[in-house]
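Following: one structure in structure tokens, then a few remarks.
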Amino acid sequence: MILRCCLVILISLVALTQNQRQGVIPLQREIAESEKQISVLLKRAQRLLSYELTASEIDNHAVQITASPQKIYIEKSTAGQFINFDFLIQNLTDEQLTINQIEVSVLDASDKLILRKSVSNNGSRSSIATISSRTLPANKITLLFNPLYFFDHSIELQKLRYEFTINSKKANKDYTEVITVSPVFYETKTDLALPVQGRLIVWDGHDYYSHHRRTDPILYRLGYTTNFQRYGYDLVPINEQGEMYRGDPKRNEDWFGFGSPISATANGKVAMIFDGMPDNRSFNESEIGKREMAIGGNYIVIDHLNGEFSYFGHLKQGSIKVKIGETVKQGQVMAQMGASGSSLFPHLHYELRTGPGERDVEGLPSYFSRYRRWLGSRSVNVKRGLIDTGAIVERQ
Ligand SMILES: [Zn+2]
């Protein structure tokens, strides 16, 4: 059943992607059309496979759960271990279902329990209320952000068994669905230096709450099955008081970072550039259908020639000094900080990723070398470490 359902989803996504690539109709209509197409395609694919869910199969499996992305990485920081992945839950029934509990059990090689924790509907203010979506619409796929993502250093994360308890009002019963994942530690291959000089705040990184980690469901509807910015950072220069601007925040020029030199995080070859977008903090989502990298405004992508690529987004219009194919050295100034594309205010969006495009590209964990972490009036030097939301850091 799992194989058949996967095939059905695959056929749907391929057909949907082909339609979206034509990208000629406005986004809202595209989304409505896409949803219709998904349901039509699912039915057609089931017929093609002479496959209809039997009553007993629906009875035993109300949903099908997959992990996204398939390769799940562990990040280690001084705080502990983080795993950055989410769930796609397909409701196979004709009724809306409700998630009552998600429980994770961490098991060792002999399947012995190391740790178990959950979010549930226990208590008058229950923890299950913190998840992104408790309800699963009938016959639809829901993206659920994984609420059980953090573990201390003593826990060996080789086998994680997530058990979902899902309630059907109609059948007056709870279904249990299990998905087991085996994450691995990712060691960044490239020696990365921070791309901006001076004191920076990681205004948003890739922790559970960050917008980078949370793929926009619009992208999923447009046929994206990966999250290129899963480990992204928005870096903003600050002064010693922690201020990001002085004067009028609506004026780009009043931000300390606007026009700051942006340098290469590591040696590599320039794989992509885009210039010409104004620094007007403006972005029309329908552009994504026409040009897949429209979201980042002006950008540079560097190929580190080891399967890792650096992406620098929202660059200042007309500031890019490098050309496609050019070799760059770590620390070499390539452009200036701007506010082009989907940019709330002047900042640099940086991410490490698996390729130059966006549609089939996943994010990668990035550890930086040789920086200072500011902790109020004192600082510590870090040889190599993870930075994330809220941290104040400075290249050495
Ligand atoms: Zn960003």
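Quick note on naming: the chains in the structure tokens go A, B, ... in the order shown, residues restart at 1 in each chain, and ligands are numbered from 1 in order of appearance.
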Practice prompt. List the neighbours of A:Thr327 out to 8 Å using only C-alpha atoms; skip same-chain residues closer than 6 positions along the sequence, and give me the result as a list in words.
Written response: Asn267, Gly268, Lys269 and Val270 of chain A
Any chance you can output those residues with N, CA and C atoms as an mmCIF file, in the first residue's frame?
data_model
loop_
_atom_site.group_PDB
_atom_site.id
_atom_site.type_symbol
_atom_site.label_atom_id
_atom_site.label_comp_id
_atom_site.auth_asym_id
_atom_site.auth_seq_id
_atom_site.Cartn_x
_atom_site.Cartn_y
_atom_site.Cartn_z
ATOM 1 N N ASN A 267 36.317 29.774 -0.689
ATOM 2 C CA ASN A 267 36.771 29.702 -2.077
ATOM 3 C C ASN A 267 35.732 28.976 -2.931
ATOM 4 N N GLY A 268 35.696 29.340 -4.204
ATOM 5 C CA GLY A 268 34.769 28.654 -5.112
ATOM 6 C C GLY A 268 34.667 29.361 -6.438
ATOM 7 N N LYS A 269 33.664 28.946 -7.192
ATOM 8 C CA LYS A 269 33.437 29.482 -8.530
ATOM 9 C C LYS A 269 32.036 30.083 -8.567
ATOM 10 N N VAL A 270 31.897 31.261 -9.156
ATOM 11 C CA VAL A 270 30.578 31.893 -9.218
ATOM 12 C C VAL A 270 29.708 31.091 -10.188
#
Worksheet item: Counting only C-alpha atoms and all ligand atoms, what residues are within 10 Å of ligand 1, given as a PyMOL selection string?
Response: chain A and resi 203-206+210-213+229-235+295-296+312-314+342-344+347-351
Item to complete: Assign secondary structure with DSSP using the backbone only, and return the residues of stretch 228-334 of chain A in strand (DSSP E or B) as an NGL selection string.
Response: :A and (233-237 or 245 or 255 or 261-263 or 268-274 or 298-303 or 309-315 or 327-328 or 333-334)
Quick one: write out the picked residues with N, CA and C atoms as a tab-separated table (two decimals), in the first residue's frame?
chain	number	residue	atom	x	y	z
A	233	TYR	N	20.07	32.04	6.96
A	233	TYR	CA	20.30	33.07	7.99
A	233	TYR	C	19.99	34.44	7.41
A	234	ASP	N	19.35	35.30	8.21
A	234	ASP	CA	19.25	36.72	7.87
A	234	ASP	C	20.19	37.46	8.80
A	235	LEU	N	21.23	38.02	8.22
A	235	LEU	CA	22.28	38.69	9.02
A	235	LEU	C	22.11	40.20	8.91
A	236	VAL	N	22.10	40.86	10.07
A	236	VAL	CA	21.89	42.31	10.11
A	236	VAL	C	22.98	42.96	10.95
A	237	PRO	N	23.73	43.90	10.38
A	237	PRO	CA	24.74	44.63	11.17
A	237	PRO	C	24.08	45.47	12.27
A	245	TYR	N	19.37	50.22	13.09
A	245	TYR	CA	19.27	51.44	12.27
A	245	TYR	C	19.20	52.64	13.20
A	255	TRP	N	19.76	52.30	7.78
A	255	TRP	CA	20.18	51.02	8.36
A	255	TRP	C	21.70	50.92	8.28
A	261	PRO	N	29.92	45.85	2.57
A	261	PRO	CA	30.53	44.87	1.65
A	261	PRO	C	30.14	43.44	2.03
A	262	ILE	N	29.80	42.65	1.01
A	262	ILE	CA	29.49	41.22	1.20
A	262	ILE	C	30.62	40.43	0.58
A	263	SER	N	31.22	39.56	1.40
A	263	SER	CA	32.37	38.82	0.87
A	263	SER	C	32.09	37.32	0.80
A	268	GLY	N	35.70	29.34	-4.20
A	268	GLY	CA	34.77	28.65	-5.11
A	268	GLY	C	34.67	29.36	-6.44
A	269	LYS	N	33.66	28.95	-7.19
A	269	LYS	CA	33.44	29.48	-8.53
A	269	LYS	C	32.04	30.08	-8.57
A	270	VAL	N	31.90	31.26	-9.16
A	270	VAL	CA	30.58	31.89	-9.22
A	270	VAL	C	29.71	31.09	-10.19
A	271	ALA	N	28.60	30.55	-9.66
A	271	ALA	CA	27.73	29.69	-10.47
A	271	ALA	C	26.55	30.46	-11.04
A	272	MET	N	26.05	31.44	-10.29
A	272	MET	CA	24.88	32.20	-10.74
A	272	MET	C	24.96	33.61	-10.21
A	273	ILE	N	24.48	34.57	-10.99
A	273	ILE	CA	24.27	35.92	-10.46
A	273	ILE	C	22.96	36.46	-11.04
A	274	PHE	N	22.37	37.38	-10.31
A	274	PHE	CA	21.21	38.11	-10.85
A	274	PHE	C	21.29	39.52	-10.30
A	298	ASN	N	18.32	40.41	-5.92
A	298	ASN	CA	19.63	40.26	-6.58
A	298	ASN	C	20.46	39.26	-5.76
A	299	TYR	N	21.11	38.33	-6.45
A	299	TYR	CA	21.82	37.29	-5.70
A	299	TYR	C	23.08	36.82	-6.38
A	300	ILE	N	23.91	36.10	-5.61
A	300	ILE	CA	25.10	35.40	-6.12
A	300	ILE	C	25.05	33.99	-5.56
A	301	VAL	N	25.42	33.01	-6.39
A	301	VAL	CA	25.59	31.63	-5.89
A	301	VAL	C	27.02	31.21	-6.20
A	302	ILE	N	27.71	30.71	-5.17
A	302	ILE	CA	29.07	30.20	-5.36
A	302	ILE	C	29.06	28.68	-5.23
A	303	ASP	N	29.72	28.04	-6.20
A	303	ASP	CA	29.89	26.58	-6.15
A	303	ASP	C	31.23	26.30	-5.47
A	309	PHE	N	27.03	24.66	-1.98
A	309	PHE	CA	26.92	25.95	-2.66
A	309	PHE	C	26.54	27.02	-1.64
A	310	SER	N	27.11	28.22	-1.78
A	310	SER	CA	26.72	29.34	-0.92
A	310	SER	C	25.81	30.27	-1.72
A	311	TYR	N	24.74	30.71	-1.07
A	311	TYR	CA	23.79	31.64	-1.70
A	311	TYR	C	23.76	32.94	-0.89
A	312	PHE	N	23.83	34.08	-1.60
A	312	PHE	CA	23.79	35.41	-0.97
A	312	PHE	C	22.64	36.18	-1.61
A	313	GLY	N	21.63	36.55	-0.83
A	313	GLY	CA	20.45	37.18	-1.42
A	313	GLY	C	20.16	38.59	-0.93
A	314	HIS	N	19.24	39.26	-1.63
A	314	HIS	CA	18.78	40.64	-1.35
A	314	HIS	C	19.91	41.67	-1.53
A	315	LEU	N	20.81	41.42	-2.48
A	315	LEU	CA	21.96	42.30	-2.68
A	315	LEU	C	21.51	43.64	-3.28
A	327	THR	N	36.54	32.69	-10.45
A	327	THR	CA	36.97	32.05	-9.21
A	327	THR	C	37.04	33.12	-8.12
A	328	VAL	N	36.49	32.80	-6.96
A	328	VAL	CA	36.56	33.76	-5.84
A	328	VAL	C	37.28	33.12	-4.66
A	333	VAL	N	35.54	40.63	-1.55
A	333	VAL	CA	34.28	41.39	-1.61
A	333	VAL	C	33.63	41.18	-2.98
A	334	MET	N	32.33	40.84	-2.95
A	334	MET	CA	31.64	40.50	-4.20
A	334	MET	C	30.49	41.46	-4.52
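Among the candidate residues A:Ser182, A:Gln332, A:Asn381, A:Gln158, the one lying nearest to A:Leu113 is A:Gln158, with distances computed using only C-alpha atoms.
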Fill in: Per-residue DSSP, stretch 259-368 of chain A, filtered to alpha helix (DSSP H), as a PyMOL selection string
chain A and resi 287-290
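Atom CA of A:Phe256 lies 17.1 Å from atom CA of A:Gln317.
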Item to complete: Would you mind listing what lies within 12 Å of A:Phe185 as a list of chain:residue names, with only C-alpha atoms counted and same-chain residues fewer than 6 positions away left out?
Response: A:Lys71, A:Ile72, A:Tyr73, A:Ile74, A:Glu75, A:Lys76, A:Ser77, A:Gln81, A:Phe82, A:Ile83, A:Asn84, A:Glu156, A:Leu157, A:Gln158, A:Leu364, A:Pro365, A:Ser366
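For the residues A:Tyr367, A:Trp374, A:Phe228, A:Phe345, ranking by smallest atom-to-atom distance to A:Thr215 using only C-alpha atoms places A:Phe228 first.
Comparing the minimum interatomic distances between A:Ala294 and each of A:Ser340, A:Asn167, A:Gln197, A:Thr190, counting only C-alpha atoms, we find that A:Ser340 sits nearest.
Across A:Arg221, A:Lys112, A:Arg281, A:Arg395, the tightest approach to A:Leu143 is made by A:Arg221 when counting only C-alpha atoms.
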Practice prompt. Point out the residue among A:Asp152, A:Glu95, A:Glu240, A:Asp86 with the least atom-to-atom distance to A:Ile131, counting only C-alpha atoms.
Written response: A:Asp86
